[in-house]
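Trainee: Please find model.cif (mmCIF, C-alpha atoms) on the next line:
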data_work
#
loop_
_atom_site.group_PDB
_atom_site.id
_atom_site.type_symbol
_atom_site.label_atom_id
_atom_site.label_comp_id
_atom_site.auth_asym_id
_atom_site.auth_seq_id
_atom_site.Cartn_x
_atom_site.Cartn_y
_atom_site.Cartn_z
ATOM 1 C CA MET A 1 -344.541 78.998 -140.993
ATOM 2 C CA PRO A 2 -341.583 79.686 -138.672
ATOM 3 C CA ARG A 3 -338.858 77.034 -138.774
ATOM 4 C CA ALA A 4 -339.210 76.123 -135.085
ATOM 5 C CA GLU A 5 -342.961 75.573 -135.458
ATOM 6 C CA ARG A 6 -342.481 73.424 -138.573
ATOM 7 C CA GLU A 7 -339.840 71.334 -136.786
ATOM 8 C CA ARG A 8 -342.166 70.857 -133.801
ATOM 9 C CA GLN A 9 -344.901 69.609 -136.140
ATOM 10 C CA ILE A 10 -342.512 67.257 -137.903
ATOM 11 C CA VAL A 11 -341.198 65.811 -134.630
ATOM 12 C CA ASP A 12 -344.770 65.374 -133.343
ATOM 13 C CA ALA A 13 -345.695 63.453 -136.491
ATOM 14 C CA ALA A 14 -342.512 61.391 -136.390
ATOM 15 C CA VAL A 15 -343.032 60.387 -132.769
ATOM 16 C CA ALA A 16 -346.593 59.312 -133.577
ATOM 17 C CA VAL A 17 -345.527 57.263 -136.612
ATOM 18 C CA PHE A 18 -342.484 55.765 -134.846
ATOM 19 C CA GLY A 19 -344.756 54.812 -131.948
ATOM 20 C CA GLU A 20 -347.288 53.145 -134.248
ATOM 21 C CA ARG A 21 -344.894 51.330 -136.584
ATOM 22 C CA GLY A 22 -341.523 51.210 -134.878
ATOM 23 C CA TYR A 23 -338.385 52.896 -136.101
ATOM 24 C CA ALA A 24 -337.381 50.320 -138.741
ATOM 25 C CA ALA A 25 -340.842 50.184 -140.336
ATOM 26 C CA THR A 26 -341.237 53.962 -140.476
ATOM 27 C CA SER A 27 -340.450 55.678 -143.745
ATOM 28 C CA MET A 28 -339.726 59.343 -144.256
ATOM 29 C CA ASP A 29 -342.554 59.317 -146.808
ATOM 30 C CA THR A 30 -345.025 58.288 -144.106
ATOM 31 C CA VAL A 31 -343.814 61.000 -141.734
ATOM 32 C CA ALA A 32 -343.952 63.613 -144.507
ATOM 33 C CA GLU A 33 -347.475 62.565 -145.407
ATOM 34 C CA ARG A 34 -348.578 62.667 -141.765
ATOM 35 C CA VAL A 35 -347.327 66.211 -141.252
ATOM 36 C CA GLY A 36 -348.368 67.433 -144.711
ATOM 37 C CA VAL A 37 -344.975 68.302 -146.169
ATOM 38 C CA THR A 38 -342.727 66.808 -148.820
ATOM 39 C CA LYS A 39 -339.977 64.362 -147.982
ATOM 40 C CA PRO A 40 -337.246 66.870 -148.978
ATOM 41 C CA VAL A 41 -338.563 69.181 -146.232
ATOM 42 C CA LEU A 42 -337.838 66.461 -143.660
ATOM 43 C CA TYR A 43 -334.314 66.014 -144.971
ATOM 44 C CA THR A 44 -333.750 69.775 -144.975
ATOM 45 C CA HIS A 45 -334.704 70.006 -141.303
ATOM 46 C CA PHE A 46 -333.244 66.755 -139.922
ATOM 47 C CA GLY A 47 -330.903 65.234 -142.511
ATOM 48 C CA SER A 48 -332.078 61.640 -142.050
ATOM 49 C CA LYS A 49 -334.523 59.370 -140.267
ATOM 50 C CA GLU A 50 -331.918 58.912 -137.541
ATOM 51 C CA GLY A 51 -331.596 62.694 -137.240
ATOM 52 C CA LEU A 52 -335.360 62.908 -136.828
ATOM 53 C CA LEU A 53 -335.310 60.283 -134.076
ATOM 54 C CA LEU A 54 -332.470 62.091 -132.315
ATOM 55 C CA ALA A 55 -334.422 65.371 -132.518
ATOM 56 C CA ALA A 56 -337.370 63.634 -130.860
ATOM 57 C CA ILE A 57 -335.082 62.395 -128.091
ATOM 58 C CA ALA A 58 -333.571 65.851 -127.612
ATOM 59 C CA ARG A 59 -337.036 67.320 -127.182
ATOM 60 C CA ALA A 60 -338.000 64.582 -124.712
ATOM 61 C CA ARG A 61 -334.803 65.272 -122.770
ATOM 62 C CA ALA A 62 -335.648 68.975 -122.414
ATOM 63 C CA GLU A 63 -339.253 68.229 -121.466
ATOM 64 C CA LEU A 64 -338.174 65.669 -118.868
ATOM 65 C CA LEU A 65 -335.802 68.075 -117.151
ATOM 66 C CA GLU A 66 -338.478 70.759 -117.132
ATOM 67 C CA VAL A 67 -341.165 68.589 -115.518
ATOM 68 C CA VAL A 68 -338.818 67.112 -112.899
ATOM 69 C CA ALA A 69 -337.287 70.498 -112.030
ATOM 70 C CA THR A 70 -340.713 72.116 -111.768
ATOM 71 C CA ALA A 71 -341.972 69.376 -109.460
ATOM 72 C CA ALA A 72 -338.880 69.523 -107.253
ATOM 73 C CA ALA A 73 -338.965 73.327 -107.062
ATOM 74 C CA ALA A 74 -342.555 73.287 -105.842
ATOM 75 C CA THR A 75 -341.628 71.419 -102.648
ATOM 76 C CA THR A 76 -340.469 72.565 -99.237
ATOM 77 C CA ASP A 77 -338.427 69.643 -97.932
ATOM 78 C CA PRO A 78 -335.940 67.088 -99.296
ATOM 79 C CA GLU A 79 -338.250 64.076 -99.006
ATOM 80 C CA SER A 80 -341.001 65.825 -100.977
ATOM 81 C CA MET A 81 -338.411 66.963 -103.508
ATOM 82 C CA LEU A 82 -337.379 63.368 -104.201
ATOM 83 C CA ARG A 83 -340.924 62.019 -104.091
ATOM 84 C CA ASP A 84 -342.471 64.713 -106.301
ATOM 85 C CA GLY A 85 -339.544 64.740 -108.732
ATOM 86 C CA THR A 86 -339.721 60.956 -109.072
ATOM 87 C CA LEU A 87 -343.485 61.016 -109.548
ATOM 88 C CA ALA A 88 -343.067 63.713 -112.216
ATOM 89 C CA PHE A 89 -340.524 61.464 -113.984
ATOM 90 C CA PHE A 90 -342.875 58.471 -114.056
ATOM 91 C CA THR A 91 -345.904 60.593 -114.970
ATOM 92 C CA TYR A 92 -343.963 62.114 -117.861
ATOM 93 C CA LEU A 93 -343.059 58.627 -119.092
ATOM 94 C CA ASP A 94 -346.724 57.648 -118.902
ATOM 95 C CA ARG A 95 -347.705 60.612 -121.085
ATOM 96 C CA ARG A 96 -344.968 59.815 -123.583
ATOM 97 C CA ALA A 97 -345.001 56.006 -123.270
ATOM 98 C CA PRO A 98 -344.878 54.981 -126.959
ATOM 99 C CA ALA A 99 -342.093 57.442 -127.702
ATOM 100 C CA TRP A 100 -340.119 56.514 -124.607
ATOM 101 C CA GLN A 101 -340.366 52.787 -125.359
ATOM 102 C CA LEU A 102 -339.205 53.493 -128.895
ATOM 103 C CA PHE A 103 -336.185 55.455 -127.680
ATOM 104 C CA CYS A 104 -335.199 52.631 -125.365
ATOM 105 C CA SER A 105 -335.698 49.946 -128.009
ATOM 106 C CA GLU A 106 -333.535 51.688 -130.610
ATOM 107 C CA ALA A 107 -330.315 51.442 -128.621
ATOM 108 C CA ARG A 108 -328.132 51.316 -131.714
ATOM 109 C CA VAL A 109 -329.343 54.751 -132.770
ATOM 110 C CA THR A 110 -330.169 56.279 -129.420
ATOM 111 C CA ASP A 111 -327.484 55.037 -127.019
ATOM 112 C CA ALA A 112 -325.533 58.315 -126.866
ATOM 113 C CA ALA A 113 -328.730 60.382 -126.690
ATOM 114 C CA LEU A 114 -330.109 58.254 -123.844
ATOM 115 C CA GLU A 115 -326.809 58.592 -122.011
ATOM 116 C CA GLU A 116 -327.167 62.373 -122.305
ATOM 117 C CA ILE A 117 -330.572 62.078 -120.607
ATOM 118 C CA ARG A 118 -329.066 59.953 -117.837
ATOM 119 C CA THR A 119 -326.270 62.495 -117.368
ATOM 120 C CA GLN A 120 -328.740 65.380 -117.319
ATOM 121 C CA GLN A 121 -330.877 63.690 -114.660
ATOM 122 C CA THR A 122 -327.810 62.654 -112.619
ATOM 123 C CA ASP A 123 -326.422 66.199 -112.660
ATOM 124 C CA PHE A 124 -329.813 67.621 -111.668
ATOM 125 C CA ILE A 125 -330.266 65.184 -108.771
ATOM 126 C CA ALA A 126 -326.667 65.673 -107.588
ATOM 127 C CA ALA A 127 -327.264 69.438 -107.491
ATOM 128 C CA LEU A 128 -330.445 68.951 -105.455
ATOM 129 C CA LEU A 129 -328.591 66.681 -103.050
ATOM 130 C CA ALA A 130 -325.718 69.180 -102.754
ATOM 131 C CA ALA A 131 -328.189 71.826 -101.630
ATOM 132 C CA GLN A 132 -329.589 69.465 -98.982
ATOM 133 C CA VAL A 133 -326.267 68.070 -97.726
ATOM 134 C CA PRO A 134 -323.759 70.932 -98.047
ATOM 135 C CA GLY A 135 -320.108 70.037 -97.833
ATOM 136 C CA THR A 136 -320.553 66.574 -99.320
ATOM 137 C CA ALA A 137 -317.842 65.509 -101.765
ATOM 138 C CA PRO A 138 -318.967 65.875 -105.395
ATOM 139 C CA GLU A 139 -318.153 62.252 -106.265
ATOM 140 C CA ARG A 140 -320.340 61.062 -103.396
ATOM 141 C CA LEU A 141 -323.234 63.266 -104.610
ATOM 142 C CA THR A 142 -322.795 61.928 -108.134
ATOM 143 C CA GLY A 143 -322.731 58.356 -106.821
ATOM 144 C CA TRP A 144 -325.970 58.841 -104.920
ATOM 145 C CA ALA A 145 -327.564 60.480 -107.969
ATOM 146 C CA GLN A 146 -326.422 57.575 -110.170
ATOM 147 C CA VAL A 147 -328.166 55.137 -107.824
ATOM 148 C CA ILE A 148 -331.425 57.104 -108.013
ATOM 149 C CA VAL A 149 -331.292 57.501 -111.804
ATOM 150 C CA GLY A 150 -330.480 53.822 -112.294
ATOM 151 C CA ALA A 151 -333.287 52.741 -109.991
ATOM 152 C CA CYS A 152 -335.777 55.021 -111.755
ATOM 153 C CA GLU A 153 -334.693 53.745 -115.157
ATOM 154 C CA ARG A 154 -335.121 50.110 -114.152
ATOM 155 C CA LEU A 155 -338.507 50.862 -112.591
ATOM 156 C CA ALA A 156 -339.496 52.583 -115.850
ATOM 157 C CA VAL A 157 -338.492 49.526 -117.874
ATOM 158 C CA TRP A 158 -340.444 47.262 -115.519
ATOM 159 C CA ARG A 159 -343.506 49.525 -115.751
ATOM 160 C CA GLY A 160 -343.250 49.316 -119.544
ATOM 161 C CA GLN A 161 -343.606 45.550 -119.227
ATOM 162 C CA ASP A 162 -346.342 45.617 -116.570
ATOM 163 C CA ASP A 163 -349.122 48.164 -117.063
ATOM 164 C CA ALA A 164 -350.519 47.366 -113.621
ATOM 165 C CA VAL A 165 -347.655 49.230 -111.913
ATOM 166 C CA THR A 166 -348.683 52.883 -111.588
ATOM 167 C CA ALA A 167 -346.466 55.948 -111.450
ATOM 168 C CA GLU A 168 -347.473 56.359 -107.812
ATOM 169 C CA GLN A 169 -346.502 52.768 -106.963
ATOM 170 C CA ALA A 170 -343.128 53.054 -108.690
ATOM 171 C CA THR A 171 -342.476 56.307 -106.847
ATOM 172 C CA GLU A 172 -343.355 54.663 -103.544
ATOM 173 C CA TYR A 173 -341.032 51.715 -104.263
ATOM 174 C CA LEU A 174 -338.169 54.098 -104.943
ATOM 175 C CA MET A 175 -338.920 56.129 -101.818
ATOM 176 C CA GLU A 176 -339.059 53.025 -99.613
ATOM 177 C CA VAL A 177 -335.524 52.131 -100.600
ATOM 178 C CA ALA A 178 -333.843 55.437 -101.450
ATOM 179 C CA TRP A 179 -335.302 57.707 -98.789
ATOM 180 C CA THR A 180 -334.266 55.336 -96.013
ATOM 181 C CA GLY A 181 -330.658 56.069 -96.891
ATOM 182 C CA LEU A 182 -331.025 59.673 -97.945
ATOM 183 C CA ALA A 183 -332.875 60.693 -94.793
ATOM 184 C CA GLY A 184 -329.763 59.912 -92.765
ATOM 185 C CA LEU A 185 -327.321 61.807 -94.967
ATOM 186 C CA GLY A 186 -327.316 64.956 -92.875
ATOM 187 C CA ARG A 187 -326.288 62.964 -89.789
ATOM 188 C CA ARG A 188 -323.344 61.076 -91.256
ATOM 189 C CA ASP A 189 -319.717 61.857 -91.962
ATOM 190 C CA ARG A 190 -319.283 63.203 -95.423
#
Any chance you could put this one into structure tokens?

Mentor:
Amino acid sequence: MPRAERERQIVDAAVAVFGERGYAATSMDTVAERVGVTKPVLYTHFGSKEGLLLAAIARARAELLEVVATAAAATTDPESMLRDGTLAFFTYLDRRAPAWQLFCSEARVTDAALEEIRTQQTDFIAALLAAQVPGTAPERLTGWAQVIVGACERLAVWRGQDDAVTAEQATEYLMEVAWTGLAGLGRRDR
């Protein structure tokens, strides 16, 4: 089996086991058994249980950027770009809920990796805003993007605690607050 395919299978199994048992209660033996390989194979590919968790986060990071970028690219106006990109973010988290909750709960291990996701999303949103409000100072674009990323992250945490809040509702809450300000950006001094 090609290395990339084997690693995908291992990460899939690890995410499932981490989601069921939590990081601390997961053993490499359990992951190896789930995927049908020996424990030394896991160590050869990922080095440690922490390395396996970080690989799962790296994959989630790439997937998240892909779904948000695809949603934003399919729109024709800035408001739809923000709305559809935000909805794609929350929908992705719904699909990957156990893994995402795990990543957030393992701050000791995942803090730097989660910060990379925040930076990735901030850079992406700042670039989208730059295209919509040309001539805006980069630090202002980054500040606006930080606000959006922070708001989405807090809404995601809240949704993790309250299953009644849907992806659509969270998106609407963000739009009600964020779009009010963003809609006026083209008319203000930069």

Trainee: Return as an mmCIF file with C-alpha atoms, in the frame of the given file the set of residues that the PyMOL selection byres ((chain A and resi 138) around 12) yields on the displayed structure.

Mentor:
data_model
loop_
_atom_site.group_PDB
_atom_site.id
_atom_site.type_symbol
_atom_site.label_atom_id
_atom_site.label_comp_id
_atom_site.auth_asym_id
_atom_site.auth_seq_id
_atom_site.Cartn_x
_atom_site.Cartn_y
_atom_site.Cartn_z
ATOM 1 C CA THR A 122 -327.810 62.654 -112.619
ATOM 2 C CA ASP A 123 -326.422 66.199 -112.660
ATOM 3 C CA ILE A 125 -330.266 65.184 -108.771
ATOM 4 C CA ALA A 126 -326.667 65.673 -107.588
ATOM 5 C CA ALA A 127 -327.264 69.438 -107.491
ATOM 6 C CA LEU A 128 -330.445 68.951 -105.455
ATOM 7 C CA LEU A 129 -328.591 66.681 -103.050
ATOM 8 C CA ALA A 130 -325.718 69.180 -102.754
ATOM 9 C CA ALA A 131 -328.189 71.826 -101.630
ATOM 10 C CA VAL A 133 -326.267 68.070 -97.726
ATOM 11 C CA PRO A 134 -323.759 70.932 -98.047
ATOM 12 C CA GLY A 135 -320.108 70.037 -97.833
ATOM 13 C CA THR A 136 -320.553 66.574 -99.320
ATOM 14 C CA ALA A 137 -317.842 65.509 -101.765
ATOM 15 C CA GLU A 139 -318.153 62.252 -106.265
ATOM 16 C CA ARG A 140 -320.340 61.062 -103.396
ATOM 17 C CA LEU A 141 -323.234 63.266 -104.610
ATOM 18 C CA THR A 142 -322.795 61.928 -108.134
ATOM 19 C CA GLY A 143 -322.731 58.356 -106.821
ATOM 20 C CA TRP A 144 -325.970 58.841 -104.920
ATOM 21 C CA ALA A 145 -327.564 60.480 -107.969
ATOM 22 C CA ARG A 190 -319.283 63.203 -95.423
#

Trainee: Pick out the closest residue to Arg3 in chain A from this set: A:Thr44, A:Arg34, A:Tyr23, A:Thr75. Count only C-alpha atoms.

Mentor: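 Among the listed residues, A:Thr44 lies closest to Arg3 in chain A.
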
Trainee: From the set A:Glu50, A:Asp12, A:Glu168, A:Glu116, which residue has the shortest atom-to-atom contact distance to Thr86 in chain A, counting all atoms listed in the file?

Mentor: A:Glu168

Trainee: My list of candidates is A:Ile57, A:Leu174, A:Ala88, A:Cys152. Which is closest to Gln101 in chain A when distances are computed with only C-alpha atoms?

Mentor: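 Using only C-alpha atoms, the shortest distance to Gln101 in chain A belongs to A:Ile57.
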
Trainee: Using all atoms listed in the file, which residues sit within 12 Å of Ile10 in chain A once same-chain residues fewer than 2 positions away are excluded, as a ChimeraX atom specification?

Mentor: /A:3-8,12-18,28-39,41-46,49,51-53,55-56

Trainee: Which value, in Å to one decimal, gives the distance between CA of Thr171 in chain A and CA of Leu87 in chain A?

Mentor: 5.5 Å

Trainee: Rounded to one decimal, what separation in Å do you get between CA of Ala58 in chain A and CA of Leu114 in chain A?

Mentor: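 Rounded to one decimal, the two atoms are 9.2 Å apart.
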
Trainee: As an exercise, work out the distance from CA of Arg61 in chain A to CA of Glu172 in chain A in Å and give it to one decimal place.

Mentor: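 One can read the CA of Arg61 in chain A to CA of Glu172 in chain A distance as 23.6 Å.
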
Trainee: Go through A:Thr91, A:Thr70, A:Ser80, A:Gln161 and flag the residue nearest Phe124 in chain A, using only C-alpha atoms for the distances.

Mentor: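 When distances to Phe124 in chain A are compared using only C-alpha atoms, the smallest one comes from A:Thr70.
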
Trainee: Could you list the residues chosen by the PyMOL selection byres ((chain A and resi 93-96) around 10) in this structure as a ChimeraX atom specification?

Mentor: /A:15,19,60,64,87-92,97-101,156,159-160,163,166-167

Trainee: Point out the residue among A:Pro40, A:Glu66, A:Gln132, A:Ala112 with the least atom-to-atom distance to Leu54 in chain A, counting only C-alpha atoms.

Mentor: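 Looking at the shortest contact to Leu54 in chain A, the residue is A:Ala112.
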
Trainee: Would you compute the box with edges along x, y and z of the file around range 112-122 of chain A, including every atom the file lists for it and 8 Å extra on each side, and give its centre and edge lengths in Å to one decimal, as lines of an AutoDock Vina configuration file?

Mentor:
center_x = -328.2
center_y = 61.8
center_z = -119.7
size_x = 21.3
size_y = 23.1
size_z = 30.2

Trainee: Considering all atoms listed in the file, state which residue in the set A:Val157, A:Glu79, A:Gln120, A:Val149 is at the smallest distance from Met175 in chain A.

Mentor: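 Looking only at the distances to Met175 in chain A, the closest residue turns out to be A:Glu79.
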